[in-house]
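Participant: Dropping in run-v2.cif, with mmCIF, C-alpha atoms and all ligand atoms.
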data_structure
loop_
_atom_site.label_atom_id
_atom_site.label_comp_id
_atom_site.auth_asym_id
_atom_site.auth_seq_id
_atom_site.Cartn_x
_atom_site.Cartn_y
_atom_site.Cartn_z
CA MET A 269 13.98 -5.85 146.93
CA PRO A 270 15.01 -8.92 144.91
CA ARG A 271 18.71 -9.43 144.26
CA SER A 272 18.04 -10.15 140.62
CA VAL A 273 17.51 -6.45 139.85
CA VAL A 274 20.51 -5.67 137.71
CA GLY A 275 22.81 -2.65 137.96
CA LYS A 276 20.75 -0.79 140.52
CA ARG A 277 21.98 0.99 143.63
CA TYR A 278 19.95 0.43 146.75
CA LYS A 279 19.75 4.00 148.00
CA HIS A 280 16.87 3.40 150.40
CA LYS A 281 17.26 -0.17 151.46
CA PRO A 282 20.95 -0.97 151.66
CA PHE A 283 22.10 -4.54 151.96
CA ASN A 284 24.23 -5.52 154.85
CA VAL A 285 27.54 -6.48 153.32
CA ILE A 286 29.05 -9.37 155.27
CA THR A 287 32.45 -8.21 156.51
CA ILE A 288 35.08 -10.88 157.14
CA ASP A 289 38.54 -10.08 158.47
CA ASN A 290 39.90 -13.58 158.71
CA VAL A 291 41.50 -15.61 155.89
CA GLU A 292 40.05 -18.98 156.96
CA GLU A 293 36.54 -17.61 157.38
CA ALA A 294 36.70 -15.91 153.99
CA ARG A 295 37.89 -19.15 152.41
CA HIS A 296 34.94 -21.04 153.94
CA TRP A 297 32.43 -18.38 152.90
CA VAL A 298 33.64 -18.54 149.30
CA ALA A 299 33.79 -22.37 149.36
CA ARG A 300 30.09 -22.43 150.32
CA GLN A 301 29.24 -20.18 147.36
CA ARG A 302 31.27 -22.33 144.99
CA ALA A 303 29.69 -25.51 146.36
CA ALA A 304 26.27 -24.00 145.61
CA GLY A 305 27.44 -23.55 142.00
CA ARG A 306 27.62 -19.73 142.16
CA SER A 307 30.08 -17.71 140.09
CA VAL A 308 32.22 -15.36 142.20
CA GLY A 309 33.18 -11.89 140.99
CA PHE A 310 36.05 -10.17 142.82
CA VAL A 311 37.11 -6.54 143.14
CA PRO A 312 40.41 -6.19 145.06
CA THR A 313 41.05 -2.67 146.38
CA MET A 314 43.12 -0.75 148.90
CA GLY A 315 40.04 1.16 150.10
CA ALA A 316 39.25 4.89 149.99
CA LEU A 317 36.60 3.79 147.54
CA HIS A 318 35.33 6.09 144.79
CA GLU A 319 33.01 5.85 141.80
CA GLY A 320 35.74 4.04 139.83
CA HIS A 321 35.79 1.18 142.37
CA LEU A 322 32.00 1.14 142.60
CA SER A 323 31.72 0.81 138.83
CA LEU A 324 33.87 -2.35 139.10
CA VAL A 325 31.65 -3.69 141.89
CA GLU A 326 28.53 -2.98 139.87
CA ARG A 327 29.91 -4.70 136.80
CA SER A 328 30.86 -7.70 138.92
CA CYS A 329 27.34 -7.80 140.38
CA ARG A 330 25.88 -7.81 136.87
CA GLU A 331 28.14 -10.61 135.65
CA ASN A 332 28.36 -12.93 138.68
CA GLU A 333 26.05 -14.52 141.18
CA VAL A 334 28.05 -13.25 144.15
CA THR A 335 30.54 -10.41 144.46
CA VAL A 336 33.43 -10.09 146.88
CA CYS A 337 35.36 -6.85 147.41
CA SER A 338 38.59 -6.71 149.42
CA ILE A 339 40.18 -3.78 151.20
CA PHE A 340 43.81 -4.26 152.13
CA VAL A 341 46.46 -1.55 152.04
CA ASN A 342 49.25 -3.80 150.87
CA PRO A 343 52.51 -2.67 152.51
CA ILE A 344 54.79 -4.65 150.17
CA GLN A 345 53.74 -2.73 147.07
CA PHE A 346 54.82 0.66 148.44
CA ASN A 347 58.40 1.56 147.68
CA LYS A 348 58.25 4.69 149.88
CA SER A 349 57.22 4.26 153.53
CA GLU A 350 55.88 7.83 153.56
CA ASP A 351 53.47 6.95 150.72
CA LEU A 352 52.23 3.92 152.71
CA GLU A 353 51.73 6.01 155.86
CA LYS A 354 49.80 8.70 154.02
CA TYR A 355 47.63 6.31 152.00
CA PRO A 356 44.01 7.25 152.85
CA ARG A 357 42.19 4.81 155.14
CA MET A 358 38.45 5.23 155.73
CA PRO A 359 36.89 1.79 156.36
CA GLU A 360 33.58 3.11 157.78
CA THR A 361 32.91 5.27 154.73
CA ASP A 362 33.95 2.40 152.44
CA ILE A 363 31.53 -0.03 154.11
CA GLY A 364 28.75 2.57 153.79
CA LEU A 365 29.45 2.90 150.06
CA LEU A 366 29.54 -0.86 149.52
CA GLU A 367 26.23 -1.23 151.34
CA GLU A 368 24.64 0.79 148.57
CA THR A 369 25.80 -1.74 146.00
CA ARG A 370 24.91 -5.42 145.78
CA CYS A 371 28.35 -6.51 147.00
CA ASP A 372 27.88 -9.65 149.11
CA MET A 373 31.10 -9.92 151.07
CA LEU A 374 33.85 -7.52 152.07
CA PHE A 375 37.16 -9.12 152.97
CA MET A 376 39.34 -6.90 155.18
CA PRO A 377 42.30 -8.95 156.42
CA SER A 378 44.97 -7.67 158.78
CA GLU A 379 48.60 -7.48 157.70
CA GLN A 380 49.50 -10.28 160.12
CA ASN A 381 46.74 -12.45 158.67
CA MET A 382 47.85 -11.88 155.06
CA TYR A 383 51.59 -12.13 155.71
CA PRO A 384 52.18 -14.45 158.70
CA GLU A 385 55.68 -15.21 157.34
CA PRO A 386 58.20 -12.85 155.72
CA VAL A 387 57.60 -12.55 151.97
CA THR A 388 60.40 -13.75 149.71
CA LYS A 389 58.76 -14.63 146.40
CA GLN A 390 60.22 -12.92 143.31
CA TYR A 391 58.22 -12.86 140.11
CA SER A 392 59.77 -12.30 136.75
CA PHE A 393 57.66 -10.27 134.35
CA GLY A 394 60.41 -9.41 131.84
CA HIS A 395 60.21 -5.90 130.47
CA LEU A 396 56.58 -5.53 131.69
CA ASP A 397 57.83 -4.33 135.05
CA GLU A 398 60.99 -2.63 133.81
CA VAL A 399 59.30 0.34 132.11
CA MET A 400 57.24 3.25 133.42
CA GLU A 401 55.73 2.34 136.85
CA GLY A 402 58.13 -0.59 137.10
CA ALA A 403 61.16 1.60 136.43
CA PHE A 404 60.13 4.35 138.86
CA ARG A 405 58.71 2.12 141.62
CA PRO A 406 61.15 -0.79 142.04
CA GLY A 407 59.48 -3.83 143.62
CA HIS A 408 56.00 -2.35 143.25
CA PHE A 409 54.64 -4.90 140.78
CA ASN A 410 56.21 -7.82 142.65
CA GLY A 411 54.25 -6.67 145.72
CA VAL A 412 51.05 -6.28 143.68
CA ALA A 413 51.46 -9.74 142.13
CA ILE A 414 52.10 -11.39 145.52
CA VAL A 415 49.04 -9.88 147.17
CA VAL A 416 46.71 -10.52 144.22
CA ASP A 417 47.94 -14.13 144.01
CA ARG A 418 47.20 -14.57 147.75
CA LEU A 419 43.80 -12.95 147.41
CA PHE A 420 42.96 -15.18 144.43
CA ARG A 421 43.93 -18.28 146.45
CA ILE A 422 41.49 -17.21 149.20
CA VAL A 423 38.61 -15.87 147.07
CA GLN A 424 39.04 -18.21 144.08
CA PRO A 425 37.19 -15.80 141.82
CA THR A 426 35.53 -16.75 138.57
CA ARG A 427 36.23 -13.20 137.33
CA ALA A 428 38.31 -10.35 138.77
CA TYR A 429 37.87 -6.69 137.84
CA PHE A 430 40.57 -4.02 137.55
CA GLY A 431 40.53 -0.43 136.28
CA THR A 432 42.57 0.49 133.20
CA LYS A 433 43.94 3.65 134.85
CA ASP A 434 46.50 1.19 136.22
CA TYR A 435 46.92 -0.38 132.80
CA GLN A 436 50.42 -1.70 133.42
CA GLN A 437 49.18 -3.31 136.65
CA LEU A 438 46.39 -5.00 134.68
CA LEU A 439 48.95 -6.56 132.30
CA VAL A 440 51.18 -7.66 135.20
CA ILE A 441 48.18 -9.27 136.95
CA ARG A 442 47.21 -11.06 133.70
CA GLU A 443 50.77 -12.40 133.50
CA MET A 444 50.82 -13.46 137.19
CA THR A 445 47.44 -15.21 136.65
CA ARG A 446 48.93 -17.08 133.68
CA GLN A 447 52.11 -18.03 135.57
CA GLU A 448 50.18 -19.23 138.65
CA GLU A 449 47.55 -20.99 136.50
CA HIS A 450 44.64 -19.31 138.26
CA PRO A 451 41.42 -20.12 136.38
CA THR A 452 40.22 -16.54 136.95
CA GLU A 453 39.19 -14.34 134.02
CA ILE A 454 40.84 -10.92 134.35
CA ILE A 455 38.60 -8.10 133.20
CA GLY A 456 39.90 -4.58 132.49
CA CYS A 457 37.31 -1.82 132.92
CA PRO A 458 37.33 1.76 131.57
CA ILE A 459 38.86 4.69 133.46
CA ILE A 460 36.20 6.61 135.37
CA ARG A 461 36.80 10.37 135.36
CA GLU A 462 35.50 13.32 137.36
CA PRO A 463 33.30 15.68 135.30
CA ASP A 464 36.39 17.88 134.71
CA GLY A 465 38.37 14.91 133.33
CA LEU A 466 40.61 14.06 136.31
CA ALA A 467 40.95 10.26 136.51
CA MET A 468 39.38 9.01 139.74
CA SER A 469 41.96 7.81 142.25
CA SER A 470 42.04 7.19 145.99
CA ARG A 471 44.96 9.63 146.09
CA ASN A 472 42.82 12.53 144.79
CA ILE A 473 41.42 13.20 148.27
CA ARG A 474 44.94 14.12 149.40
CA LEU A 475 45.13 16.97 146.85
CA THR A 476 44.87 20.49 148.29
CA GLN A 477 42.13 22.70 146.85
CA GLU A 478 44.73 24.44 144.71
CA GLN A 479 46.24 21.17 143.44
CA ARG A 480 42.75 19.75 142.75
CA LYS A 481 41.92 22.89 140.74
CA HIS A 482 44.95 22.39 138.47
CA ALA A 483 45.02 18.57 138.26
CA PRO A 484 42.50 18.28 135.35
CA ALA A 485 45.17 19.90 133.15
CA ILE A 486 46.78 16.42 133.10
CA TYR A 487 43.72 15.10 131.27
CA GLU A 488 43.63 18.15 128.99
CA ALA A 489 47.24 17.52 127.90
CA LEU A 490 46.38 13.87 127.22
CA ARG A 491 43.37 14.89 125.16
CA TYR A 492 45.58 17.28 123.21
CA ALA A 493 47.89 14.33 122.51
CA LYS A 494 44.98 12.18 121.31
CA GLU A 495 43.64 14.87 119.01
CA ASN A 496 47.00 15.99 117.57
CA PHE A 497 49.38 13.00 117.64
CA ARG A 498 49.36 12.73 113.83
CA ASN A 499 51.14 16.11 113.62
CA TYR A 500 54.08 15.01 115.79
CA THR A 501 56.83 12.43 115.87
CA VAL A 502 56.62 10.23 118.99
CA PRO A 503 59.47 12.05 120.87
CA ASP A 504 58.06 15.47 119.89
CA LEU A 505 54.61 14.50 121.15
CA GLU A 506 56.09 13.29 124.46
CA ASN A 507 58.02 16.58 124.76
CA GLU A 508 54.94 18.65 123.97
CA VAL A 509 52.93 16.89 126.69
CA ARG A 510 55.83 17.18 129.17
CA LYS A 511 55.95 20.92 128.39
CA ARG A 512 52.21 21.19 129.07
CA PHE A 513 52.65 19.39 132.42
CA ASN A 514 55.56 21.64 133.38
CA ILE A 515 53.38 24.74 133.23
CA ILE A 516 50.68 23.29 135.52
CA PRO A 517 51.22 25.10 138.86
CA GLY A 518 52.76 22.69 141.38
CA ALA A 519 53.12 19.83 138.87
CA LYS A 520 56.22 17.81 138.11
CA PRO A 521 56.05 15.11 135.41
CA GLU A 522 57.88 11.87 136.19
CA TYR A 523 57.42 10.16 132.83
CA VAL A 524 55.52 10.68 129.60
CA THR A 525 55.77 7.56 127.44
CA VAL A 526 54.06 6.36 124.29
CA ALA A 527 54.04 2.57 124.20
CA ASP A 528 52.44 -0.35 122.36
CA THR A 529 49.11 -1.08 124.07
CA ASN A 530 49.59 -4.83 124.19
CA THR A 531 53.28 -5.23 124.93
CA LEU A 532 54.06 -1.89 126.67
CA VAL A 533 57.24 -1.63 124.58
CA PRO A 534 57.92 2.13 124.30
CA LEU A 535 57.56 3.40 120.72
CA LYS A 536 60.21 5.49 118.98
CA LYS A 537 58.05 6.16 115.91
CA TRP A 538 54.51 5.60 114.71
CA ILE A 539 53.92 2.28 112.96
CA PRO A 540 50.66 1.91 110.97
CA ASN A 541 48.07 -0.24 112.80
CA GLN A 542 50.21 -0.46 115.96
CA PRO A 543 47.94 0.37 118.91
CA ALA A 544 49.57 3.17 120.91
CA VAL A 545 48.81 4.54 124.36
CA MET A 546 50.35 7.52 126.15
CA TYR A 547 51.16 6.73 129.80
CA VAL A 548 52.00 9.48 132.27
CA ALA A 549 52.94 9.93 135.93
CA VAL A 550 52.81 13.44 137.36
CA TYR A 551 53.51 14.69 140.87
CA MET A 552 51.17 17.34 142.24
CA GLY A 553 53.24 18.36 145.27
CA ASP A 554 54.05 14.99 146.87
CA ILE A 555 51.00 13.23 145.43
CA ARG A 556 51.74 11.01 142.49
CA LEU A 557 48.98 10.70 139.88
CA ILE A 558 48.99 8.37 136.89
CA ASP A 559 46.81 8.40 133.80
CA ASN A 560 46.79 7.12 130.24
CA MET A 561 45.08 7.78 126.93
CA ILE A 562 44.62 5.55 123.89
CA LEU A 563 45.92 7.45 120.89
CA GLU A 564 44.50 5.20 118.19
O1 LIG B 601 44.98 -1.24 142.36
C1 LIG B 601 45.00 -1.44 143.60
O2 LIG B 601 44.22 -0.87 144.38
C2 LIG B 601 46.02 -2.40 144.18
O3 LIG B 601 47.23 -2.33 143.49
C3 LIG B 601 45.53 -3.85 144.26
C4 LIG B 601 45.27 -4.44 142.88
C5 LIG B 601 44.25 -3.92 145.10
C6 LIG B 601 46.58 -4.73 144.93
O4 LIG B 601 46.88 -4.27 146.21
#
As structure tokens, what does this structure read like?
Ligand code: PAF

Facilitator:
Amino acid sequence: MPRSVVGKRYKHKPFNVITIDNVEEARHWVARQRAAGRSVGFVPTMGALHEGHLSLVERSCRENEVTVCSIFVNPIQFNKSEDLEKYPRMPETDIGLLEETRCDMLFMPSEQNMYPEPVTKQYSFGHLDEVMEGAFRPGHFNGVAIVVDRLFRIVQPTRAYFGTKDYQQLLVIREMTRQEEHPTEIIGCPIIREPDGLAMSSRNIRLTQEQRKHAPAIYEALRYAKENFRNYTVPDLENEVRKRFNIIPGAKPEYVTVADTNTLVPLKKWIPNQPAVMYVAVYMGDIRLIDNMILE
């Protein structure tokens, strides 16, 4: 089947994705593509791939001549060692899923290969990493920025694709890209949801049956916020959503914040024409889920 067929999954005749686990080899592979004048699309991931990741891969395949996906569970972005240990790892399944896309190369480096020396770099992102995820996960965005910078130096992508479920991460990566002067275009892609509204996440597979049954109530509360925000002040809307989270069995909200979409500055009141998004983090047992919803 020709590679020029756009946006199609190869259910019956999967491609063999080239898997490279070595930084130098990956660099050479990409250099050959660049030398041949091909644009390189890149989808960095931590594995446990789901439809959300695959939608990024498919978009990259439509918009670039070659697509690279990486799987690397980045230890320096976890602020709790228990979270790192429990992060799902399923490389065989991931490779099988990628083989049904038109992804060309999968980069799966080892920790030693990515971080041969201790990491000391400290980025400064101003208030971008002081609110919400930044406030509750100290050091998280520094770890994300360091690994994405390293991956960009190896893959040298023309375009890189990230989901907007991690909207704050997307803004931090845009800022890191600007600071490091990477020529890569950063593309934010829509949140992909399960049919019942739960935002797709690699962490969802850790939910018990009971937690999974109740987790879509997070989306329902966000939809309520979208449909009714005009009837509330900002703090009252945040309280209403927090109240709705508190009655989900097994759920514990960490934050519910309405902020400006572009700057992430938390809003105290509605300002006409100011784009507002509600950002939330909710624990279901010990599994932390994040989501967001554009209000206007
Ligand atoms: O969103 C993720 O999966 C990770 O934070 C990323 C961007 C791959 C960096 O490790």

Participant: Please list as a PDB file with C-alpha atoms, in the frame of the given file every residue within 9 Å of Pro503 (chain A), counting all atoms listed in the file and excluding residues in the same chain fewer than 4 positions away.

Facilitator:
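Writing the result to part00.pdb gives the following:
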ATOM      1  CA  ASN A 507      58.020  16.580 124.760  1.00  0.00           C
ATOM      2  CA  GLU A 508      54.940  18.650 123.970  1.00  0.00           C
ATOM      3  CA  THR A 525      55.770   7.560 127.440  1.00  0.00           C
ATOM      4  CA  VAL A 526      54.060   6.360 124.290  1.00  0.00           C
ATOM      5  CA  LEU A 535      57.560   3.400 120.720  1.00  0.00           C
ATOM      6  CA  LYS A 536      60.210   5.490 118.980  1.00  0.00           C
ATOM      7  CA  LYS A 537      58.050   6.160 115.910  1.00  0.00           C
TER       8      LYS A 537
END

Participant: What is the CA of Leu365 (chain A) to CA of Cys457 (chain A) distance in Å?

Facilitator: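 Distance reported for this atom pair: 19.4 Å.
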
Participant: Output as JSON lines one row per residue of chain A within 9 Å of ligand LIG 601 (chain B): the closest atom pair and its distance in Å to one decimal place, counting all atoms listed in the file, sorted by chain and residue number ascending.

Facilitator:
{"residue": "A:Val311", "atom": "CA", "partner": "B:LIG601", "partner_atom": "C5", "distance": 7.9}
{"residue": "A:Pro312", "atom": "CA", "partner": "B:LIG601", "partner_atom": "C5", "distance": 4.5}
{"residue": "A:Thr313", "atom": "CA", "partner": "B:LIG601", "partner_atom": "C5", "distance": 3.7}
{"residue": "A:Met314", "atom": "CA", "partner": "B:LIG601", "partner_atom": "O2", "distance": 4.7}
{"residue": "A:Gly315", "atom": "CA", "partner": "B:LIG601", "partner_atom": "O2", "distance": 7.4}
{"residue": "A:His321", "atom": "CA", "partner": "B:LIG601", "partner_atom": "O2", "distance": 8.9}
{"residue": "A:Ser338", "atom": "CA", "partner": "B:LIG601", "partner_atom": "C5", "distance": 7.6}
{"residue": "A:Ile339", "atom": "CA", "partner": "B:LIG601", "partner_atom": "C5", "distance": 7.3}
{"residue": "A:Phe340", "atom": "CA", "partner": "B:LIG601", "partner_atom": "O4", "distance": 6.7}
{"residue": "A:Val341", "atom": "CA", "partner": "B:LIG601", "partner_atom": "O4", "distance": 6.4}
{"residue": "A:Asn342", "atom": "CA", "partner": "B:LIG601", "partner_atom": "O4", "distance": 5.2}
{"residue": "A:Pro343", "atom": "CA", "partner": "B:LIG601", "partner_atom": "O4", "distance": 8.6}
{"residue": "A:Ile344", "atom": "CA", "partner": "B:LIG601", "partner_atom": "O4", "distance": 8.9}
{"residue": "A:Gln345", "atom": "CA", "partner": "B:LIG601", "partner_atom": "O4", "distance": 7.1}
{"residue": "A:His408", "atom": "CA", "partner": "B:LIG601", "partner_atom": "O3", "distance": 8.8}
{"residue": "A:Phe409", "atom": "CA", "partner": "B:LIG601", "partner_atom": "O3", "distance": 8.3}
{"residue": "A:Gly411", "atom": "CA", "partner": "B:LIG601", "partner_atom": "O4", "distance": 7.8}
{"residue": "A:Val412", "atom": "CA", "partner": "B:LIG601", "partner_atom": "C6", "distance": 4.9}
{"residue": "A:Ala413", "atom": "CA", "partner": "B:LIG601", "partner_atom": "C6", "distance": 7.5}
{"residue": "A:Ile414", "atom": "CA", "partner": "B:LIG601", "partner_atom": "C6", "distance": 8.7}
{"residue": "A:Val415", "atom": "CA", "partner": "B:LIG601", "partner_atom": "O4", "distance": 6.1}
{"residue": "A:Val416", "atom": "CA", "partner": "B:LIG601", "partner_atom": "C6", "distance": 5.8}
{"residue": "A:Phe430", "atom": "CA", "partner": "B:LIG601", "partner_atom": "O1", "distance": 7.1}
{"residue": "A:Gly431", "atom": "CA", "partner": "B:LIG601", "partner_atom": "O1", "distance": 7.6}
{"residue": "A:Asp434", "atom": "CA", "partner": "B:LIG601", "partner_atom": "O1", "distance": 6.8}
{"residue": "A:Gln437", "atom": "CA", "partner": "B:LIG601", "partner_atom": "O3", "distance": 7.2}
{"residue": "A:Leu438", "atom": "CA", "partner": "B:LIG601", "partner_atom": "C4", "distance": 8.3}
{"residue": "A:Ile441", "atom": "CA", "partner": "B:LIG601", "partner_atom": "C4", "distance": 8.2}
{"residue": "A:Ser470", "atom": "CA", "partner": "B:LIG601", "partner_atom": "O2", "distance": 8.5}

Participant: What is the CA of Glu292 (chain A) to CA of Asn410 (chain A) distance in Å?

Facilitator: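 CA of Asn410 (chain A) lies at a distance of 24.3 Å from CA of Glu292 (chain A).
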
Participant: Work out how far CA of Ala428 (chain A) is from CA of Val533 (chain A), in Å to one decimal.

Facilitator: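 About the pair CA of Val533 (chain A) and CA of Ala428 (chain A): they are 25.2 Å apart.
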
Participant: So which one's closest to Leu324 (chain A), A:Leu419, A:Leu366, A:Leu490, A:Met373? Using all atoms listed in the file, please.

Facilitator: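 Looking only at the distances to Leu324 (chain A), the closest residue turns out to be A:Leu366.
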
Participant: Around all listed atoms of region 450-460 of chain A, padded 8 Å per side, what centre and edge lengths does the axis-aligned box have in Å to one decimal, as AutoDock Vina command-line options?

Facilitator:
--center_x 40.4 --center_y -6.8 --center_z 134.9 --size_x 24.4 --size_y 42.7 --size_z 22.7

Participant: Let me make sure I understand: among A:Arg418, A:Arg330, A:Ile555, A:Arg306, which one has the smallest atom-to-atom distance to Asn381 (chain A) if we use all atoms listed in the file?

Facilitator: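 Looking only at the distances to Asn381 (chain A), the closest residue turns out to be A:Arg418.
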
Participant: Give as number ranges by chain each residue that has an atom at most 10 Å from (50.9, -17.2, 139.3) in the file, counting only C-alpha atoms.

Facilitator: A: 391, 413-414, 416-418, 420, 441-450

Participant: Looking at A:Leu563, A:Ile460, A:Val524, A:Leu439, which one is nearest to Tyr492 (chain A), with distances taken over all atoms listed in the file?

Facilitator: A:Leu563

Participant: Between A:Gln542, A:Thr287, A:Thr531, A:Gln479, which is the closest to Pro517 (chain A) once you count all atoms listed in the file?

Facilitator: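 Going through A:Gln542, A:Thr287, A:Thr531, A:Gln479 one by one, the smallest distance to Pro517 (chain A) is for A:Gln479.
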
Participant: When you look at Cys371 (chain A) with a cut-off of 8 Å (counting all atoms listed in the file), what residues show up, excluding the ones that are within fewer than 4 positions of it in the same chain? I need them as an MDAnalysis selection string.

Facilitator: chainID A and resid 285 325:326 329 334:337 366:367

Participant: I'd like the contact shell of Lys494 (chain A) - 10 Å cut-off, only C-alpha atoms, skipping same-chain residues fewer than 6 positions apart - returned as a VMD selection string.

Facilitator: chain A and resid 488 505 545 to 546 561 to 564

Participant: Tell me, as a list in words, which residues lie within 7 Å of Pro484 (chain A), counting all atoms listed in the file; anything in the same chain fewer than 4 positions away does not count.

Facilitator: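 Contacts, with the query itself left out: Asp464, Gly465, Leu466 and Glu488 of chain A.
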
Participant: Restricting the calculation to only C-alpha atoms: of A:Val399, A:Ile473, A:Met382, A:Ala467, which residue gets closest to Tyr355 (chain A)?

Facilitator: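 Using only C-alpha atoms, Tyr355 (chain A) sits closest to A:Ile473.
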
Participant: Go through A:Tyr487, A:Tyr500, A:Phe310, A:Tyr523 and flag the residue nearest Lys433 (chain A), using all atoms listed in the file for the distances.

Facilitator: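 Closest candidate: A:Tyr487.
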
Participant: Just save region 436-461 of chain A with C-alpha atoms, as a PDB file, in the first residue's frame.

Facilitator:
ATOM      1  CA  GLN A 436       0.023  24.035  30.825  1.00  0.00           C
ATOM      2  CA  GLN A 437       2.717  21.633  29.594  1.00  0.00           C
ATOM      3  CA  LEU A 438       2.064  22.800  26.026  1.00  0.00           C
ATOM      4  CA  LEU A 439       2.668  26.435  27.049  1.00  0.00           C
ATOM      5  CA  VAL A 440       5.824  25.501  28.987  1.00  0.00           C
ATOM      6  CA  ILE A 441       7.157  23.572  25.967  1.00  0.00           C
ATOM      7  CA  ARG A 442       6.397  26.547  23.678  1.00  0.00           C
ATOM      8  CA  GLU A 443       8.364  28.759  26.071  1.00  0.00           C
ATOM      9  CA  MET A 444      11.295  26.282  26.299  1.00  0.00           C
ATOM     10  CA  THR A 445      11.315  26.083  22.462  1.00  0.00           C
ATOM     11  CA  ARG A 446      11.511  29.890  22.305  1.00  0.00           C
ATOM     12  CA  GLN A 447      14.260  30.096  24.946  1.00  0.00           C
ATOM     13  CA  GLU A 448      16.356  27.346  23.290  1.00  0.00           C
ATOM     14  CA  GLU A 449      15.697  28.758  19.791  1.00  0.00           C
ATOM     15  CA  HIS A 450      14.542  25.419  18.412  1.00  0.00           C
ATOM     16  CA  PRO A 451      13.133  25.947  14.901  1.00  0.00           C
ATOM     17  CA  THR A 452      10.349  23.445  15.670  1.00  0.00           C
ATOM     18  CA  GLU A 453       6.693  24.413  15.285  1.00  0.00           C
ATOM     19  CA  ILE A 454       4.750  23.347  18.387  1.00  0.00           C
ATOM     20  CA  ILE A 455       1.265  22.113  17.576  1.00  0.00           C
ATOM     21  CA  GLY A 456      -1.440  21.696  20.230  1.00  0.00           C
ATOM     22  CA  CYS A 457      -4.090  19.083  19.390  1.00  0.00           C
ATOM     23  CA  PRO A 458      -7.597  18.616  20.850  1.00  0.00           C
ATOM     24  CA  ILE A 459      -8.305  16.468  23.907  1.00  0.00           C
ATOM     25  CA  ILE A 460      -9.492  13.011  22.875  1.00  0.00           C
ATOM     26  CA  ARG A 461     -12.199  11.629  25.172  1.00  0.00           C
TER      27      ARG A 461
END
